[in-house]
Amino acid sequence: GGEAIGLLRSEFLFLHRATAPSEREQETVYADIVRVLGRDRRVVIRALDVGGDKPLPYLPIPREDNPFLGERGIRVLLDHPDLFRTQLRAILRASRGGFVSIMFPMIATMGEWRAARAILEEERERMGTPRIEAGIMVEVASAAVLADQFAKEVDFFSIGTNDLTQYTLAMDRGHPRLAPQVDGLSPAVLRLIDQTVRAAKAYGRWTGVCGGIAGDPQAVPLLVGLGVDELSVSVPVIRAVKAQVRRLRLAECRTLAAAA
């Protein structure tokens with residue numbers, strides 16, 4: 001019953017191996033997935049998101065005292081442009097077979113977004129492939145606070161509430177004592193989601209949520225009420241979430257979200 005792939009975790013192609021996957025290998029995997037979904041169902045491929053809690057043995061990153069505030073996501077890609085460009089070419093070739101979008105992880109500044117988009121456009125023009133949607137993950141507070149600026153340039157937002165919550169509350173979601181307090185329904189987090197959605201709608205962009213709360217029955221009415229366009233959830237809960245959404249009344253969800 002899924003209507004799209006809201007988050008294709010491309011890092012799974014890169015983990016548990018001695019070398020990075022080749023351009024051809026990546027293209028084959030992406031193209032197979034795109035082919036299964038066809039031309040009407042979107043596949044949102046997240047560019048390689050490693051660093052922090054996802055190290056790669058063949059991509060050495062110097063030891064960091066706080067890796068979650070170090071080289072992660074887009075920072076790693078911009079520091080390794082050959083790896084980045086290889087993946088972009090594979091995604092662009094696969095996009096010829098269906099409805100493909102790409103999103104960049106851990107974007108914190110306009111400069112990071114523009115640098116990533118420029119590299120994507122360079123490769124796209126060199127290959128002569130049609131333009132594809134490009135958006136950003138909203139995982140850090142700065143991206144949400146500047147959503148009105150990002151919305152002028154991106155095609156969509158995908159809110160990663162797991163990281164957005166831990167960065168907003170300054171609590172490690174894996175901490176043995178603090179983890180229970182890392183609450184994605186914190187009013188502070190909900191305000192950042194609201195701010196992001198409002199900015200997106202002002203510029204005709206769509207917003208998805210791909211963090212854990214997208215599949216949380218307590219959170220779904222709030223996200224609907226905030227105006228989120230897409231919920232990207234794990235496969236086992238797709239049917240339950242769709243059934244829940246069908247039973248909701250939008251006006252009641254909006255009232256509930258405003259109170260929360």
# chains A, B, ... in the order shown; residues from 1 in each chain; ligands from 1
$ residues_around --residues "Arg41 in chain A" --least-positions-apart "2" --cutoff "9 Å" --atoms "only C-alpha atoms" --output "compact mmCIF listing (two decimals) with N, CA, C and O atoms, in the first residue's frame"
# COMPACT_ATOMS: atom_id res chain seq x y z
N GLU A 3 2.83 4.45 -1.29
CA GLU A 3 2.61 5.29 -2.45
C GLU A 3 3.91 5.87 -3.01
O GLU A 3 3.90 6.50 -4.07
N ALA A 4 5.00 5.65 -2.33
CA ALA A 4 6.30 6.19 -2.77
C ALA A 4 7.37 5.61 -1.85
O ALA A 4 7.07 4.93 -0.87
N ILE A 5 8.61 5.90 -2.17
CA ILE A 5 9.72 5.67 -1.23
C ILE A 5 10.18 7.05 -0.78
O ILE A 5 10.74 7.83 -1.55
N VAL A 34 13.94 1.87 -9.04
CA VAL A 34 13.11 2.80 -9.82
C VAL A 34 12.19 2.04 -10.75
O VAL A 34 11.01 2.37 -10.90
N LEU A 37 9.07 0.64 -9.02
CA LEU A 37 8.04 1.62 -8.67
C LEU A 37 7.38 2.25 -9.89
O LEU A 37 6.28 2.78 -9.79
N GLY A 38 8.07 2.23 -11.03
CA GLY A 38 7.48 2.80 -12.23
C GLY A 38 7.63 4.31 -12.28
O GLY A 38 8.31 4.92 -11.46
N ARG A 39 6.93 4.92 -13.21
CA ARG A 39 7.10 6.35 -13.45
C ARG A 39 6.17 7.23 -12.61
O ARG A 39 6.29 8.45 -12.62
N VAL A 43 10.67 8.01 -5.97
CA VAL A 43 11.74 7.43 -5.17
C VAL A 43 12.64 8.58 -4.72
O VAL A 43 13.26 9.24 -5.54
N GLY A 98 12.36 6.55 -14.26
CA GLY A 98 11.21 6.76 -13.39
C GLY A 98 11.20 8.13 -12.74
O GLY A 98 11.77 9.09 -13.25
N PHE A 99 10.55 8.21 -11.57
CA PHE A 99 10.32 9.47 -10.86
C PHE A 99 11.28 9.52 -9.68
O PHE A 99 11.01 8.97 -8.61
N VAL A 100 12.41 10.16 -9.87
CA VAL A 100 13.47 10.16 -8.87
C VAL A 100 13.72 11.57 -8.33
O VAL A 100 13.77 12.54 -9.10
$ select_by_dssp --residues "range 121-205 of chain A" --states "strand (DSSP E)" --output "NGL selection string"
:A and (133-138 or 156-159)
$ residues_around --residues "range 149-151 of chain A" --least-positions-apart "4" --cutoff "12 Å" --atoms "only C-alpha atoms" --output "JSON, numbers by chain"
{"A": [107, 108, 109, 110, 111, 112, 113, 114, 134, 135, 136, 137, 138, 142, 143, 144, 145, 155, 156, 157, 158, 195, 196, 197, 198, 199, 200, 201, 202, 203, 204, 205, 206, 207]}
$ residues_around --residues "Gly51 in chain A" --least-positions-apart "4" --cutoff "9 Å" --atoms "only C-alpha atoms" --output "JSON, numbers by chain"
{"A": [55, 56, 61, 67, 68, 70, 71, 72, 73, 76]}
$ residues_around --residues "Glu252 in chain A" --least-positions-apart "5" --cutoff "9 Å" --atoms "only C-alpha atoms" --output "list in words"
Pro221, Gly225 and Ala257 of chain A
$ closest_residue --among "A:Arg124, A:Arg173, A:Arg249, A:Arg117" --to "Ala90 in chain A" --atoms "only C-alpha atoms"
A:Arg124
$ select_by_dssp --residues "range 54-257 of chain A" --states "helix (DSSP H, G or I)" --output "ChimeraX atom specification"
/A:67-69,74-79,81-95,110-127,141-145,147-150,161-169,179-181,187-202,212-215,220-226,235-247,250-257
$ write_last_selection --atoms "C-alpha atoms" --output "mmCIF file, in the first residue's frame"
data_model
loop_
_atom_site.group_PDB
_atom_site.id
_atom_site.type_symbol
_atom_site.label_atom_id
_atom_site.label_comp_id
_atom_site.auth_asym_id
_atom_site.auth_seq_id
_atom_site.Cartn_x
_atom_site.Cartn_y
_atom_site.Cartn_z
ATOM 1 C CA PRO A 67 31.301 12.951 16.034
ATOM 2 C CA PHE A 68 27.652 14.061 15.939
ATOM 3 C CA LEU A 69 28.895 17.628 15.706
ATOM 4 C CA ILE A 74 26.909 16.650 3.402
ATOM 5 C CA ARG A 75 30.179 17.692 5.033
ATOM 6 C CA VAL A 76 31.686 14.311 4.207
ATOM 7 C CA LEU A 77 30.383 14.449 0.633
ATOM 8 C CA LEU A 78 31.748 17.928 -0.024
ATOM 9 C CA ASP A 79 35.097 16.855 1.436
ATOM 10 C CA PRO A 81 33.874 15.215 -4.216
ATOM 11 C CA ASP A 82 34.908 12.183 -6.289
ATOM 12 C CA LEU A 83 32.758 9.909 -4.130
ATOM 13 C CA PHE A 84 29.916 12.443 -4.273
ATOM 14 C CA ARG A 85 30.055 12.907 -8.034
ATOM 15 C CA THR A 86 30.148 9.156 -8.628
ATOM 16 C CA GLN A 87 26.963 8.694 -6.665
ATOM 17 C CA LEU A 88 25.244 11.627 -8.358
ATOM 18 C CA ARG A 89 26.016 10.241 -11.814
ATOM 19 C CA ALA A 90 24.594 6.851 -10.816
ATOM 20 C CA ILE A 91 21.412 8.473 -9.497
ATOM 21 C CA LEU A 92 21.007 10.650 -12.582
ATOM 22 C CA ARG A 93 21.337 7.669 -14.928
ATOM 23 C CA ALA A 94 18.819 5.684 -12.888
ATOM 24 C CA SER A 95 16.413 8.639 -12.935
ATOM 25 C CA MET A 110 22.803 27.885 2.595
ATOM 26 C CA GLY A 111 26.400 27.503 1.463
ATOM 27 C CA GLU A 112 26.277 23.717 1.897
ATOM 28 C CA TRP A 113 23.035 23.456 -0.060
ATOM 29 C CA ARG A 114 24.301 25.650 -2.894
ATOM 30 C CA ALA A 115 27.586 23.770 -3.135
ATOM 31 C CA ALA A 116 25.782 20.420 -3.315
ATOM 32 C CA ARG A 117 23.253 21.688 -5.847
ATOM 33 C CA ALA A 118 26.015 23.152 -8.020
ATOM 34 C CA ILE A 119 27.824 19.803 -8.177
ATOM 35 C CA LEU A 120 24.550 18.047 -9.032
ATOM 36 C CA GLU A 121 23.857 20.505 -11.841
ATOM 37 C CA GLU A 122 27.399 20.210 -13.200
ATOM 38 C CA GLU A 123 27.058 16.446 -13.485
ATOM 39 C CA ARG A 124 23.526 16.663 -14.873
ATOM 40 C CA GLU A 125 24.498 19.131 -17.598
ATOM 41 C CA ARG A 126 27.585 17.096 -18.475
ATOM 42 C CA MET A 127 25.430 13.978 -18.882
ATOM 43 C CA ALA A 141 17.722 23.650 13.956
ATOM 44 C CA SER A 142 19.500 26.077 11.640
ATOM 45 C CA ALA A 143 17.820 24.506 8.596
ATOM 46 C CA ALA A 144 14.391 24.892 10.190
ATOM 47 C CA VAL A 145 15.078 28.453 11.368
ATOM 48 C CA ALA A 147 13.451 27.399 6.120
ATOM 49 C CA ASP A 148 12.027 30.548 4.505
ATOM 50 C CA GLN A 149 15.377 31.105 2.795
ATOM 51 C CA PHE A 150 15.895 27.466 1.795
ATOM 52 C CA THR A 161 12.846 14.225 13.339
ATOM 53 C CA ASN A 162 15.221 11.810 15.087
ATOM 54 C CA ASP A 163 18.255 14.047 14.570
ATOM 55 C CA LEU A 164 16.241 17.276 14.712
ATOM 56 C CA THR A 165 15.016 16.282 18.156
ATOM 57 C CA GLN A 166 18.405 15.380 19.596
ATOM 58 C CA TYR A 167 20.042 18.523 18.202
ATOM 59 C CA THR A 168 17.209 20.782 19.365
ATOM 60 C CA LEU A 169 17.106 19.339 22.884
ATOM 61 C CA ALA A 179 17.264 8.716 25.610
ATOM 62 C CA PRO A 180 13.766 8.448 27.182
ATOM 63 C CA GLN A 181 13.606 12.259 27.286
ATOM 64 C CA PRO A 187 6.815 21.770 21.688
ATOM 65 C CA ALA A 188 10.229 23.067 20.606
ATOM 66 C CA VAL A 189 10.522 20.384 17.921
ATOM 67 C CA LEU A 190 6.901 20.853 16.806
ATOM 68 C CA ARG A 191 7.500 24.583 16.399
ATOM 69 C CA LEU A 192 10.466 23.905 14.131
ATOM 70 C CA ILE A 193 8.356 21.503 12.068
ATOM 71 C CA ASP A 194 5.590 24.113 11.874
ATOM 72 C CA GLN A 195 8.074 26.771 10.801
ATOM 73 C CA THR A 196 9.451 24.500 8.079
ATOM 74 C CA VAL A 197 6.017 23.545 6.717
ATOM 75 C CA ARG A 198 4.819 27.160 6.639
ATOM 76 C CA ALA A 199 7.911 28.238 4.719
ATOM 77 C CA ALA A 200 7.490 25.384 2.249
ATOM 78 C CA LYS A 201 3.844 26.209 1.571
ATOM 79 C CA ALA A 202 4.656 29.880 1.044
ATOM 80 C CA GLY A 212 10.444 7.988 13.768
ATOM 81 C CA ILE A 213 7.408 10.064 14.741
ATOM 82 C CA ALA A 214 5.975 9.750 11.213
ATOM 83 C CA GLY A 215 4.810 6.260 12.187
ATOM 84 C CA VAL A 220 0.329 11.421 13.177
ATOM 85 C CA PRO A 221 -2.613 13.746 14.025
ATOM 86 C CA LEU A 222 -0.182 16.495 15.003
ATOM 87 C CA LEU A 223 1.819 16.181 11.782
ATOM 88 C CA VAL A 224 -1.377 16.194 9.713
ATOM 89 C CA GLY A 225 -2.541 19.259 11.625
ATOM 90 C CA LEU A 226 0.754 21.033 11.010
ATOM 91 C CA VAL A 235 7.052 -0.823 5.834
ATOM 92 C CA PRO A 236 5.276 -2.731 8.655
ATOM 93 C CA VAL A 237 3.227 0.321 9.742
ATOM 94 C CA ILE A 238 2.202 1.697 6.327
ATOM 95 C CA ARG A 239 -1.275 0.200 6.455
ATOM 96 C CA ALA A 240 -1.906 1.246 10.042
ATOM 97 C CA VAL A 241 -0.834 4.838 9.395
ATOM 98 C CA LYS A 242 -2.956 5.094 6.236
ATOM 99 C CA ALA A 243 -5.971 3.715 8.099
ATOM 100 C CA GLN A 244 -5.434 6.193 10.924
ATOM 101 C CA VAL A 245 -5.134 9.167 8.567
ATOM 102 C CA ARG A 246 -8.399 8.216 6.842
ATOM 103 C CA ARG A 247 -10.229 8.414 10.179
ATOM 104 C CA LEU A 250 -8.361 17.930 9.468
ATOM 105 C CA ALA A 251 -9.952 20.723 11.523
ATOM 106 C CA GLU A 252 -9.544 18.699 14.714
ATOM 107 C CA CYS A 253 -5.928 17.894 13.833
ATOM 108 C CA ARG A 254 -5.172 21.579 13.311
ATOM 109 C CA THR A 255 -6.645 22.479 16.676
ATOM 110 C CA LEU A 256 -4.683 19.714 18.374
ATOM 111 C CA ALA A 257 -1.428 20.740 16.642
#
$ atom_distance --atom1 "CA of Pro105 in chain A" --atom2 "CA of Gly160 in chain A"
9.2 Å
$ atom_distance --atom1 "CA of Cys210 in chain A" --atom2 "CA of Tyr58 in chain A"
28.1 Å
$ closest_residue --among "A:Asp216, A:Gly97, A:Ala259, A:Lys54" --to "Leu231 in chain A" --atoms "only C-alpha atoms"
A:Asp216
$ closest_residue --among "A:Ala219, A:Ser234, A:Leu13, A:His80" --to "Ser186 in chain A" --atoms "only C-alpha atoms"
A:Ala219
$ atom_distance --atom1 "CA of Ser101 in chain A" --atom2 "CA of Glu133 in chain A"
4.7 Å
